[in-house]
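*Asks:* What follows is the file query-v8.tsv, containing TSV, C-alpha atoms:
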```tsv
chain	number	residue	atom	x	y	z
A	17	MET	CA	-8.64	-33.38	37.37
A	18	LYS	CA	-7.70	-36.75	35.88
A	19	ARG	CA	-10.80	-36.63	33.63
A	20	ILE	CA	-9.89	-33.10	32.45
A	21	GLY	CA	-6.39	-34.32	31.62
A	22	ILE	CA	-7.78	-37.18	29.55
A	23	ILE	CA	-10.07	-34.80	27.63
A	24	ALA	CA	-7.20	-32.37	26.97
A	25	ALA	CA	-5.03	-35.20	25.70
A	26	ALA	CA	-7.80	-36.35	23.38
A	27	ILE	CA	-8.24	-32.83	22.00
A	28	LEU	CA	-4.50	-32.60	21.42
A	29	VAL	CA	-4.54	-35.86	19.46
A	30	LEU	CA	-7.39	-34.58	17.28
A	31	VAL	CA	-5.64	-31.24	16.65
A	32	ILE	CA	-2.45	-33.04	15.67
A	33	ALA	CA	-4.53	-35.15	13.31
A	34	GLY	CA	-5.94	-31.98	11.82
A	35	ILE	CA	-9.43	-32.41	13.24
A	36	LEU	CA	-11.18	-30.56	16.03
A	37	VAL	CA	-14.72	-31.42	17.18
A	38	ILE	CA	-16.77	-28.49	18.49
A	39	ASN	CA	-20.43	-28.99	19.42
A	40	GLY	CA	-20.50	-32.20	17.44
A	41	ARG	CA	-18.99	-30.55	14.35
A	42	LYS	CA	-15.68	-31.66	12.86
A	43	ILE	CA	-13.44	-28.67	12.04
A	44	ASP	CA	-10.42	-29.20	9.83
A	45	THR	CA	-7.58	-27.34	11.55
A	46	ASP	CA	-5.03	-28.22	8.90
A	47	VAL	CA	-6.48	-26.78	5.72
A	48	THR	CA	-3.02	-26.54	4.19
A	49	ARG	CA	-2.51	-30.27	3.81
A	50	GLU	CA	-3.67	-30.06	0.22
A	51	ARG	CA	-1.80	-27.82	-2.19
A	52	THR	CA	-3.86	-24.80	-3.29
A	53	LYS	CA	-3.30	-22.99	-6.57
A	54	VAL	CA	-3.35	-19.20	-6.51
A	55	GLY	CA	-3.20	-16.93	-9.54
A	56	VAL	CA	-1.63	-13.48	-9.19
A	57	ILE	CA	-2.02	-10.82	-11.88
A	58	LEU	CA	0.61	-8.06	-11.76
A	59	ASN	CA	0.55	-4.79	-13.66
A	60	GLY	CA	4.35	-4.76	-13.55
A	61	VAL	CA	7.07	-7.37	-13.19
A	62	LYS	CA	8.18	-9.42	-10.20
A	63	ASP	CA	11.54	-7.66	-9.97
A	64	ASP	CA	10.53	-4.03	-10.66
A	65	ARG	CA	11.83	-2.92	-7.23
A	66	SER	CA	8.46	-1.22	-6.83
A	67	TRP	CA	4.73	-1.99	-6.52
A	68	SER	CA	4.65	-5.40	-8.20
A	69	GLN	CA	7.77	-6.73	-6.48
A	70	ALA	CA	6.26	-5.82	-3.11
A	71	HIS	CA	3.21	-7.97	-3.96
A	72	TYR	CA	5.38	-10.79	-5.29
A	73	GLU	CA	7.54	-10.90	-2.17
A	74	GLY	CA	4.48	-10.71	0.06
A	75	MET	CA	2.91	-13.69	-1.69
A	76	GLU	CA	6.15	-15.68	-1.60
A	77	LYS	CA	6.39	-14.96	2.12
A	78	CYS	CA	3.17	-16.87	2.82
A	79	ALA	CA	3.22	-19.42	-0.02
A	80	GLY	CA	5.34	-21.93	1.88
A	81	LYS	CA	3.39	-21.54	5.10
A	82	LEU	CA	0.06	-22.25	3.41
A	83	ASN	CA	1.27	-24.85	0.89
A	84	LEU	CA	0.40	-22.68	-2.11
A	85	ASP	CA	1.23	-23.22	-5.76
A	86	VAL	CA	1.35	-19.67	-7.13
A	87	GLU	CA	1.12	-18.76	-10.81
A	88	TYR	CA	2.16	-15.20	-11.65
A	89	ARG	CA	1.23	-13.25	-14.77
A	90	GLU	CA	3.32	-10.12	-15.30
A	91	LYS	CA	2.59	-6.89	-17.18
A	92	VAL	CA	-1.01	-7.88	-17.79
A	93	PRO	CA	-2.80	-5.19	-19.87
A	94	LYS	CA	-5.41	-3.18	-17.98
A	95	ASP	CA	-8.26	-4.07	-20.34
A	96	GLU	CA	-10.38	-7.05	-21.33
A	97	THR	CA	-7.16	-9.03	-21.86
A	98	SER	CA	-6.92	-9.28	-18.08
A	99	ARG	CA	-10.22	-11.18	-18.03
A	100	GLU	CA	-8.78	-13.70	-20.48
A	101	VAL	CA	-5.77	-14.14	-18.19
A	102	MET	CA	-8.08	-14.74	-15.23
A	103	GLU	CA	-9.97	-17.41	-17.16
A	104	GLU	CA	-6.69	-19.07	-18.09
A	105	LEU	CA	-5.62	-19.16	-14.44
A	106	ILE	CA	-8.98	-20.61	-13.39
A	107	ASP	CA	-8.72	-23.25	-16.14
A	108	ASN	CA	-5.28	-24.09	-14.72
A	109	GLY	CA	-6.88	-24.91	-11.38
A	110	CYS	CA	-6.46	-21.67	-9.45
A	111	LYS	CA	-8.99	-21.38	-6.63
A	112	ILE	CA	-7.94	-17.86	-5.62
A	113	ILE	CA	-7.29	-14.96	-8.01
A	114	ILE	CA	-5.46	-11.80	-6.89
A	115	CYS	CA	-5.10	-8.63	-8.99
A	116	ASP	CA	-2.71	-5.88	-7.90
A	117	SER	CA	-4.23	-2.86	-9.67
A	118	TYR	CA	-7.57	-1.05	-9.47
A	119	SER	CA	-7.53	-0.93	-13.28
A	120	TYR	CA	-8.53	-4.61	-13.36
A	121	GLU	CA	-11.60	-4.03	-11.20
A	122	GLU	CA	-14.32	-4.21	-13.86
A	123	TRP	CA	-12.92	-7.40	-15.35
A	124	GLU	CA	-12.29	-9.05	-12.00
A	125	LEU	CA	-15.80	-8.27	-10.77
A	126	ASN	CA	-17.28	-9.84	-13.91
A	127	ALA	CA	-15.13	-12.91	-13.40
A	128	ALA	CA	-16.18	-13.13	-9.73
A	129	LYS	CA	-19.84	-13.09	-10.69
A	130	GLU	CA	-19.32	-15.80	-13.29
A	131	HIS	CA	-17.24	-18.02	-10.97
A	132	PRO	CA	-18.95	-18.04	-7.54
A	133	ASP	CA	-16.79	-20.97	-6.43
A	134	ILE	CA	-13.54	-18.97	-6.89
A	135	TYR	CA	-12.26	-16.36	-4.42
A	136	PHE	CA	-11.06	-13.01	-5.74
A	137	LEU	CA	-8.90	-10.37	-4.05
A	138	HIS	CA	-8.37	-6.97	-5.57
A	139	ALA	CA	-5.81	-4.35	-4.50
A	140	SER	CA	-6.98	-0.71	-4.26
A	141	GLY	CA	-10.43	-1.32	-5.72
A	142	THR	CA	-13.80	-0.15	-4.45
A	143	MET	CA	-16.29	-2.80	-5.68
A	144	GLN	CA	-16.95	-6.04	-3.83
A	145	ASN	CA	-18.94	-9.22	-4.34
A	146	LYS	CA	-19.75	-12.12	-2.01
A	147	ASN	CA	-16.63	-13.87	-3.37
A	148	MET	CA	-14.54	-10.76	-4.09
A	149	ALA	CA	-12.84	-8.54	-1.52
A	150	THR	CA	-10.90	-5.32	-2.07
A	151	PHE	CA	-7.94	-4.27	0.02
A	152	PHE	CA	-5.44	-1.50	0.58
A	153	GLY	CA	-3.44	0.10	3.35
A	154	ARG	CA	-3.49	3.53	4.97
A	155	MET	CA	-0.31	4.58	3.25
A	156	TYR	CA	-1.19	8.19	3.94
A	157	GLN	CA	-0.07	7.58	7.54
A	158	ILE	CA	3.44	6.73	6.36
A	159	ARG	CA	3.37	9.64	3.91
A	160	TYR	CA	2.80	11.93	6.88
A	161	LEU	CA	5.95	10.57	8.54
A	162	CYS	CA	7.87	11.03	5.28
A	163	GLY	CA	6.66	14.63	5.21
A	164	ILE	CA	8.18	15.21	8.64
A	165	ILE	CA	11.50	13.89	7.33
A	166	ALA	CA	11.37	16.11	4.24
A	167	GLY	CA	10.25	19.18	6.16
A	168	MET	CA	13.11	18.94	8.60
A	169	GLN	CA	15.75	17.88	6.04
A	170	THR	CA	15.19	20.63	3.47
A	171	ASP	CA	17.43	23.69	3.44
A	172	THR	CA	15.57	25.48	0.65
A	173	ASN	CA	11.99	24.95	1.87
A	174	GLU	CA	11.17	23.67	-1.63
A	175	ILE	CA	10.19	19.99	-1.78
A	176	GLY	CA	9.27	18.04	-4.91
A	177	TYR	CA	6.60	15.37	-5.42
A	178	VAL	CA	6.20	13.49	-8.72
A	179	ALA	CA	2.69	12.03	-8.80
A	180	ALA	CA	0.89	9.71	-11.21
A	181	PHE	CA	-2.76	10.80	-11.40
A	182	PRO	CA	-4.91	13.34	-9.48
A	183	ILE	CA	-7.08	10.59	-7.98
A	184	GLU	CA	-8.12	10.02	-4.37
A	185	GLU	CA	-5.36	7.53	-3.57
A	186	VAL	CA	-2.64	9.87	-4.80
A	187	ASN	CA	-4.27	12.99	-3.38
A	188	ARG	CA	-4.40	11.40	0.08
A	189	GLY	CA	-0.68	10.83	-0.08
A	190	ILE	CA	0.16	14.34	-1.30
A	191	ASN	CA	-1.99	15.94	1.37
A	192	ALA	CA	-0.73	13.74	4.19
A	193	PHE	CA	2.87	14.29	3.15
A	194	THR	CA	2.34	18.07	3.04
A	195	LEU	CA	0.67	18.10	6.45
A	196	GLY	CA	3.70	16.24	7.78
A	197	VAL	CA	6.00	18.82	6.19
A	198	LYS	CA	3.99	21.75	7.56
A	199	SER	CA	3.83	20.26	11.06
A	200	VAL	CA	7.58	20.80	11.42
A	201	ASN	CA	8.27	23.51	8.83
A	202	PRO	CA	5.39	25.95	8.17
A	203	GLN	CA	7.45	27.88	5.59
A	204	ALA	CA	8.03	24.92	3.27
A	205	LYS	CA	6.11	24.25	0.05
A	206	VAL	CA	5.47	20.97	-1.75
A	207	TYR	CA	5.56	21.26	-5.55
A	208	VAL	CA	3.60	18.53	-7.33
A	209	SER	CA	4.20	17.49	-10.94
A	210	TRP	CA	1.89	15.00	-12.68
A	211	SER	CA	3.12	12.23	-14.98
A	212	MET	CA	-0.39	10.91	-15.83
A	213	SER	CA	1.09	7.42	-15.81
A	214	TRP	CA	1.98	4.82	-13.19
A	215	ASP	CA	4.87	3.20	-15.02
A	216	ASP	CA	5.80	5.08	-18.22
A	217	ASP	CA	9.44	6.03	-17.60
A	218	GLU	CA	9.39	8.76	-20.23
A	219	ALA	CA	6.25	10.40	-18.82
A	220	VAL	CA	7.60	10.21	-15.27
A	221	ALA	CA	10.93	11.67	-16.42
A	222	ASP	CA	9.13	14.57	-18.12
A	223	ALA	CA	7.22	15.27	-14.91
A	224	ALA	CA	10.45	15.19	-12.91
A	225	TYR	CA	12.20	17.65	-15.25
A	226	ARG	CA	9.21	20.03	-15.13
A	227	LEU	CA	9.34	19.82	-11.37
A	228	LEU	CA	13.06	20.37	-10.89
A	229	ASP	CA	14.04	22.78	-13.67
A	230	GLY	CA	13.88	26.39	-12.50
A	231	ARG	CA	13.26	25.57	-8.85
A	232	ASN	CA	15.46	25.18	-5.81
A	233	ILE	CA	14.06	21.82	-4.72
A	234	ASP	CA	16.40	19.76	-2.55
A	235	VAL	CA	14.16	16.85	-1.44
A	236	VAL	CA	12.13	14.69	-3.86
A	237	THR	CA	9.57	11.96	-3.35
A	238	THR	CA	7.24	10.17	-5.74
A	239	HIS	CA	3.98	8.28	-6.11
A	240	SER	CA	4.65	6.11	-9.13
A	241	ASP	CA	5.65	2.56	-9.98
A	242	SER	CA	8.44	3.99	-12.15
A	243	LEU	CA	11.74	4.82	-10.44
A	244	LYS	CA	12.64	7.44	-13.03
A	245	ALA	CA	11.93	10.45	-10.79
A	246	LEU	CA	14.24	9.06	-8.13
A	247	ASP	CA	16.89	8.31	-10.77
A	248	ILE	CA	16.84	11.93	-11.95
A	249	ALA	CA	16.77	13.45	-8.47
A	250	SER	CA	19.54	11.17	-7.27
A	251	GLY	CA	21.60	12.02	-10.35
A	252	ARG	CA	21.38	15.69	-9.36
A	253	GLY	CA	22.55	14.93	-5.84
A	254	LEU	CA	19.19	15.66	-4.21
A	255	TRP	CA	17.75	13.99	-1.14
A	256	THR	CA	15.17	11.33	-2.04
A	257	ILE	CA	12.34	9.53	-0.25
A	258	GLY	CA	11.17	6.32	-1.88
A	259	TYR	CA	7.83	4.58	-2.28
A	260	ASN	CA	6.53	1.01	-2.64
A	261	TYR	CA	9.85	-0.75	-2.02
A	262	ASP	CA	13.07	-0.11	-0.12
A	263	ASN	CA	15.72	0.88	-2.68
A	264	ARG	CA	18.39	2.18	-0.34
A	265	ASP	CA	20.99	-0.09	-1.95
A	266	LYS	CA	20.24	1.51	-5.33
A	267	TYR	CA	20.32	5.18	-4.34
A	268	GLY	CA	22.92	5.32	-1.60
A	269	ASP	CA	23.23	7.72	1.30
A	270	LYS	CA	21.10	10.51	-0.24
A	271	TYR	CA	18.12	8.16	0.10
A	272	LEU	CA	16.51	9.24	3.37
A	273	ALA	CA	13.79	6.57	3.82
A	274	ALA	CA	10.86	4.99	2.01
A	275	ALA	CA	7.15	4.39	2.50
A	276	VAL	CA	6.79	0.68	1.70
A	277	TRP	CA	4.26	-2.13	1.52
A	278	ASP	CA	4.51	-5.47	3.34
A	279	TRP	CA	1.73	-7.72	2.02
A	280	GLY	CA	2.89	-11.03	3.54
A	281	ASP	CA	0.81	-11.17	6.71
A	282	PHE	CA	-2.24	-9.72	4.99
A	283	TYR	CA	-2.13	-12.30	2.20
A	284	GLU	CA	-1.63	-15.09	4.71
A	285	GLN	CA	-4.71	-14.06	6.71
A	286	ARG	CA	-6.97	-13.61	3.69
A	287	ILE	CA	-5.91	-16.83	1.97
A	288	LEU	CA	-6.29	-18.80	5.19
A	289	GLU	CA	-9.85	-17.44	5.42
A	290	CYS	CA	-10.50	-18.72	1.89
A	291	LEU	CA	-9.19	-22.16	2.80
A	292	GLN	CA	-11.26	-22.28	5.99
A	293	GLY	CA	-14.46	-21.07	4.32
A	294	ARG	CA	-14.46	-17.81	6.30
A	295	PHE	CA	-13.99	-15.45	3.35
A	296	GLN	CA	-15.75	-12.07	3.45
A	297	GLY	CA	-16.43	-9.96	0.37
A	298	VAL	CA	-15.61	-6.67	2.08
A	299	ASN	CA	-13.15	-3.80	1.77
A	300	TYR	CA	-10.02	-4.04	3.92
A	301	TRP	CA	-8.25	-0.75	4.61
A	302	GLU	CA	-5.62	-1.46	7.21
A	303	GLY	CA	-3.35	0.95	9.04
A	304	MET	CA	0.26	0.97	10.10
A	305	ASP	CA	-0.66	-0.88	13.31
A	306	THR	CA	-1.08	-4.07	11.22
A	307	GLY	CA	2.30	-3.74	9.48
A	308	ILE	CA	0.84	-3.58	5.97
A	309	VAL	CA	2.40	-0.12	5.51
A	310	LYS	CA	5.78	0.73	6.94
A	311	LEU	CA	8.48	3.36	7.10
A	312	THR	CA	11.92	1.95	6.41
A	313	GLU	CA	14.90	2.58	8.61
A	314	LEU	CA	16.08	6.17	8.33
A	315	SER	CA	19.37	7.07	6.68
A	316	ASP	CA	22.13	7.97	9.09
A	317	ARG	CA	22.37	11.26	7.18
A	318	VAL	CA	19.04	12.64	8.34
A	319	LYS	CA	19.45	15.80	10.40
A	320	PRO	CA	19.52	15.66	14.20
A	321	GLY	CA	16.05	15.54	15.71
A	322	ILE	CA	14.33	13.92	12.72
A	323	ALA	CA	14.34	10.38	14.09
A	324	ARG	CA	12.89	11.61	17.38
A	325	ALA	CA	10.17	13.67	15.64
A	326	VAL	CA	9.20	10.74	13.41
A	327	GLU	CA	9.06	8.33	16.33
A	328	SER	CA	6.86	10.73	18.31
A	329	ALA	CA	4.39	11.07	15.41
A	330	LYS	CA	4.45	7.34	14.80
A	331	THR	CA	3.60	6.67	18.43
A	332	LYS	CA	0.61	9.02	18.24
A	333	LEU	CA	-0.64	7.31	15.08
A	334	MET	CA	-0.18	3.83	16.52
A	335	ASN	CA	-2.00	4.69	19.75
A	336	GLY	CA	-5.09	5.70	17.83
A	337	GLY	CA	-5.53	9.07	19.48
A	338	PHE	CA	-4.44	10.93	16.37
A	339	ASP	CA	-4.82	10.54	12.65
A	340	VAL	CA	-3.40	12.66	9.86
A	341	PHE	CA	-6.46	14.63	8.77
A	342	TYR	CA	-7.54	16.20	12.07
A	343	GLY	CA	-8.72	19.79	11.84
A	344	PRO	CA	-8.26	22.58	11.49
A	345	VAL	CA	-7.06	21.91	7.93
A	346	TYR	CA	-7.12	24.56	5.20
A	347	ASP	CA	-6.86	23.96	1.47
A	348	ASN	CA	-4.32	25.63	-0.81
A	349	ASN	CA	-6.85	28.36	-1.62
A	350	GLY	CA	-7.21	29.33	2.03
A	351	ALA	CA	-10.62	27.73	2.66
A	352	LEU	CA	-11.24	25.81	5.88
A	353	ARG	CA	-11.90	22.20	4.85
A	354	ILE	CA	-11.76	20.34	8.16
A	355	LYS	CA	-12.92	22.13	11.28
A	356	GLU	CA	-11.03	22.03	14.55
A	357	GLY	CA	-11.85	18.88	16.48
A	358	GLU	CA	-13.14	17.09	13.39
A	359	ASN	CA	-11.62	14.45	11.13
A	360	ILE	CA	-12.20	13.66	7.48
A	361	SER	CA	-14.20	10.46	6.98
A	362	ASP	CA	-12.90	7.29	5.35
A	363	LYS	CA	-15.67	7.60	2.76
A	364	THR	CA	-14.42	11.04	1.72
A	365	MET	CA	-10.81	9.93	1.65
A	366	ILE	CA	-11.63	6.99	-0.61
A	367	TYR	CA	-14.27	8.48	-2.90
A	368	ASN	CA	-14.15	12.27	-2.84
A	369	PHE	CA	-10.71	13.68	-1.96
A	370	LYS	CA	-10.24	16.15	-4.79
A	371	TRP	CA	-8.62	19.13	-3.08
A	372	TYR	CA	-5.14	19.92	-1.73
A	373	VAL	CA	-4.04	21.22	1.61
A	374	GLU	CA	-2.27	24.48	2.25
A	375	GLY	CA	1.32	24.27	1.06
A	376	VAL	CA	0.68	22.21	-2.09
A	377	GLU	CA	1.78	23.98	-5.29
A	378	PRO	CA	0.76	22.14	-8.51
A	379	VAL	CA	3.25	22.45	-11.37
A	380	GLU	CA	1.77	23.28	-14.77
```
Let's see the structure in the file written out as structure tokens.
*Replies:*
Amino acid sequence: MKRIGIIAAAILVLVIAGILVINGRKIDTDVTRERTKVGVILNGVKDDRSWSQAHYEGMEKCAGKLNLDVEYREKVPKDETSREVMEELIDNGCKIIICDSYSYEEWELNAAKEHPDIYFLHASGTMQNKNMATFFGRMYQIRYLCGIIAGMQTDTNEIGYVAAFPIEEVNRGINAFTLGVKSVNPQAKVYVSWSMSWDDDEAVADAAYRLLDGRNIDVVTTHSDSLKALDIASGRGLWTIGYNYDNRDKYGDKYLAAAVWDWGDFYEQRILECLQGRFQGVNYWEGMDTGIVKLTELSDRVKPGIARAVESAKTKLMNGGFDVFYGPVYDNNGALRIKEGENISDKTMIYNFKWYVEGVEPVE
């Protein structure tokens, strides 16, 4: 026993010193002693109260823990200019480059191939390299919960959704949200209006006006980095459900909840892997069980029973015995798309989700 105690004490001394010896190998357990430079490319600005601010706050959350020196570049164009910005960050000593939009993918992949000694992380992309990983979260799970809120809150059975582009990421959200709505309110419809832009306020406003004018919509949500749709809906006194970032202080008590991102723990894990030489050039697609996607606290003005219904669905999702796209699921033309007892694959959700579930009504 005395010998074991001496060995344990010796190990403790080595760990405190930042060194652990395993099978004759010295392992550095304190990889954060040296300051590491990280470059972060944002498609928006750090204080946009939306997509880019969520990434900024997530990075700041882990920067102190890991002794990081972070350089941010805001509103970086989604073209070859982004590659020039990456080169500038690398020249400045950045050992890790993070891009927050899939639109940078081609340029980031080229940079990764040219700089094998630099680690690259890319939000929402689909292409990897040995030194480049892609990552995203299963936001569709939170969209489903938001659909339950909207479906139970509406009095008109007309719900509005301002969406950026008809791509797989956005389609997943629309479909999951609508399935959530229909699970509690089969009579409700979800009207979708496209802005064809992530952040153009004018385009998003036009989509919101097309959506709302001439309809009796009383609940509005959005998939956009622009807050313009929520501004317009809130100005008309409609219920709103946010996305990307919690803006309850901006929109007041008509703001029911929000589907938000929390990147802090994810960034901490991935960056620590870079520092420890354990990086993997894979695709990370994490669910609500990891905390990367979250539903904010509900407004105290949600109708009775909503909080209980949301919590019940959340428990089922967290336990892993249920996911959003379990059959039977029909599309909005009446065709059976997912058979009873079956589930849509991740591959389909990521690469080939081009149809809409029953209850989705696109706005021309």
*Asks:* Could you pull the residues within 9 Å of Gly74 (chain A), counting all atoms listed in the file, minus those fewer than 4 positions along the same chain, as a PDB file with C-alpha atoms, keeping the file's coordinate frame?
*Replies:*
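Saved the output as around_13.pdb:
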```pdb
ATOM      1  CA  GLN A  69       7.770  -6.730  -6.480  1.00  0.00           C
ATOM      2  CA  ALA A  70       6.260  -5.820  -3.110  1.00  0.00           C
ATOM      3  CA  CYS A  78       3.170 -16.870   2.820  1.00  0.00           C
ATOM      4  CA  ALA A  79       3.220 -19.420  -0.020  1.00  0.00           C
ATOM      5  CA  TRP A 277       4.260  -2.130   1.520  1.00  0.00           C
ATOM      6  CA  ASP A 278       4.510  -5.470   3.340  1.00  0.00           C
ATOM      7  CA  TRP A 279       1.730  -7.720   2.020  1.00  0.00           C
ATOM      8  CA  GLY A 280       2.890 -11.030   3.540  1.00  0.00           C
ATOM      9  CA  ASP A 281       0.810 -11.170   6.710  1.00  0.00           C
ATOM     10  CA  PHE A 282      -2.240  -9.720   4.990  1.00  0.00           C
ATOM     11  CA  TYR A 283      -2.130 -12.300   2.200  1.00  0.00           C
ATOM     12  CA  GLU A 284      -1.630 -15.090   4.710  1.00  0.00           C
TER      13      GLU A 284
END
```
*Asks:* Which residue gives the smallest distance to Asp234 (chain A) among A:Ala179, A:Ala166, A:Leu288, A:Cys110, with all atoms listed in the file counted?
*Replies:*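 Selected residue with least distance to Asp234 (chain A): A:Ala166.
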*Asks:* Find the residues near region 81-86 of chain A: any atom within 7 Å, counting all atoms listed in the file, skip ones fewer than 2 places away on the same chain, and give them as an MDAnalysis selection string.
*Replies:* chainID A and resid 48 51:55 78:79 88
*Asks:* Please produce a file of those selected residues containing C-alpha atoms, as a tab-separated table (two decimals), in the coordinates of the input.
*Replies:*
```tsv
chain	number	residue	atom	x	y	z
A	48	THR	CA	-3.02	-26.54	4.19
A	51	ARG	CA	-1.80	-27.82	-2.19
A	52	THR	CA	-3.86	-24.80	-3.29
A	53	LYS	CA	-3.30	-22.99	-6.57
A	54	VAL	CA	-3.35	-19.20	-6.51
A	55	GLY	CA	-3.20	-16.93	-9.54
A	78	CYS	CA	3.17	-16.87	2.82
A	79	ALA	CA	3.22	-19.42	-0.02
A	88	TYR	CA	2.16	-15.20	-11.65
```
*Asks:* Which residue, A:Val208, A:Ala219, A:Val276, A:Ala325, has the smallest gap to Glu380 (chain A) when you use all atoms listed in the file?
*Replies:* A:Val208
*Asks:* Using all atoms listed in the file, find the one residue out of A:Pro202, A:Gly230, A:Gly253, A:Gly337 that sits nearest to Glu374 (chain A).
*Replies:*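 The answer is A:Pro202, which sits nearest to Glu374 (chain A).
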*Asks:* What does the distance from CA of Thr194 (chain A) to CA of Val379 (chain A) come to in Å, to one decimal?
*Replies:*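 Computing the Euclidean distance for CA of Thr194 (chain A) and CA of Val379 (chain A) yields 15.1 Å.
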*Asks:* Neighbouring residues of Ile248 (chain A) were defined as those with any atom within 10 Å, considering only C-alpha atoms; residues of the same chain fewer than 3 positions away were excluded. Please report them as a list in words.
*Replies:*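 Residues near the query, excluding close chain neighbours: Val220, Ala221, Ala224, Tyr225, Leu228, Val236, Leu243, Lys244, Ala245, Gly251, Arg252, Gly253 and Leu254 of chain A.
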*Asks:* Which of these residues is nearest to Asp247 (chain A), using all atoms listed in the file: A:Tyr135, A:Tyr261, A:Phe295, A:Tyr267?
*Replies:* A:Tyr267
*Asks:* If I take CA of Val178 (chain A) and CA of Ser209 (chain A), how far is one from the other in Å, to one decimal?
*Replies:*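 So the two atoms, CA of Val178 (chain A) and CA of Ser209 (chain A), lie 5.0 Å apart.
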*Asks:* For His131 (chain A), work out the shell of residues within 12 Å, counting all atoms listed in the file and skipping chain neighbours fewer than 4 positions away, then give it as a ChimeraX atom specification.
*Replies:* /A:102-103,106-107,110-113,124-127,135-136,145-148
*Asks:* Can you measure CA of Val56 (chain A) to CA of Phe369 (chain A) for me? One decimal in Å is fine.
*Replies:*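 Taking CA of Val56 (chain A) as the start and CA of Phe369 (chain A) as the end point, the length is 29.5 Å.
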*Asks:* Excluding Ile183 (chain A) and any residue of its chain fewer than 3 positions from it, enumerate the residues within 10 Å of it, using all atoms listed in the file, and give them as a ChimeraX atom specification.
*Replies:* /A:179-180,186-188,366-371
*Asks:* Need the neighbours of (22.7, 13.2, 7.3): which residues are at most 9 Å away, counting only C-alpha atoms, as a PDB file with C-alpha atoms, keeping the file's coordinate frame?
*Replies:*
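Wrote it out as out30.pdb, contents follow:
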```
ATOM      1  CA  GLN A 169      15.750  17.880   6.040  1.00  0.00           C
ATOM      2  CA  ASP A 269      23.230   7.720   1.300  1.00  0.00           C
ATOM      3  CA  LYS A 270      21.100  10.510  -0.240  1.00  0.00           C
ATOM      4  CA  LEU A 272      16.510   9.240   3.370  1.00  0.00           C
ATOM      5  CA  SER A 315      19.370   7.070   6.680  1.00  0.00           C
ATOM      6  CA  ASP A 316      22.130   7.970   9.090  1.00  0.00           C
ATOM      7  CA  ARG A 317      22.370  11.260   7.180  1.00  0.00           C
ATOM      8  CA  VAL A 318      19.040  12.640   8.340  1.00  0.00           C
ATOM      9  CA  LYS A 319      19.450  15.800  10.400  1.00  0.00           C
ATOM     10  CA  PRO A 320      19.520  15.660  14.200  1.00  0.00           C
TER      11      PRO A 320
END
```
*Asks:* Between A:His239, A:Met168, A:Val197, A:Cys162, which has the minimum distance to Met212 (chain A) (counting all atoms listed in the file)?
*Replies:*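 Using all atoms listed in the file, the shortest distance to Met212 (chain A) belongs to A:His239.
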*Asks:* Name the closest residue to Asn299 (chain A) among the candidates A:Ser211, A:Asn348, A:Ser140, A:Thr312; distances are taken between atoms, counting only C-alpha atoms.
*Replies:*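 Looking at the shortest contact to Asn299 (chain A), the residue is A:Ser140.
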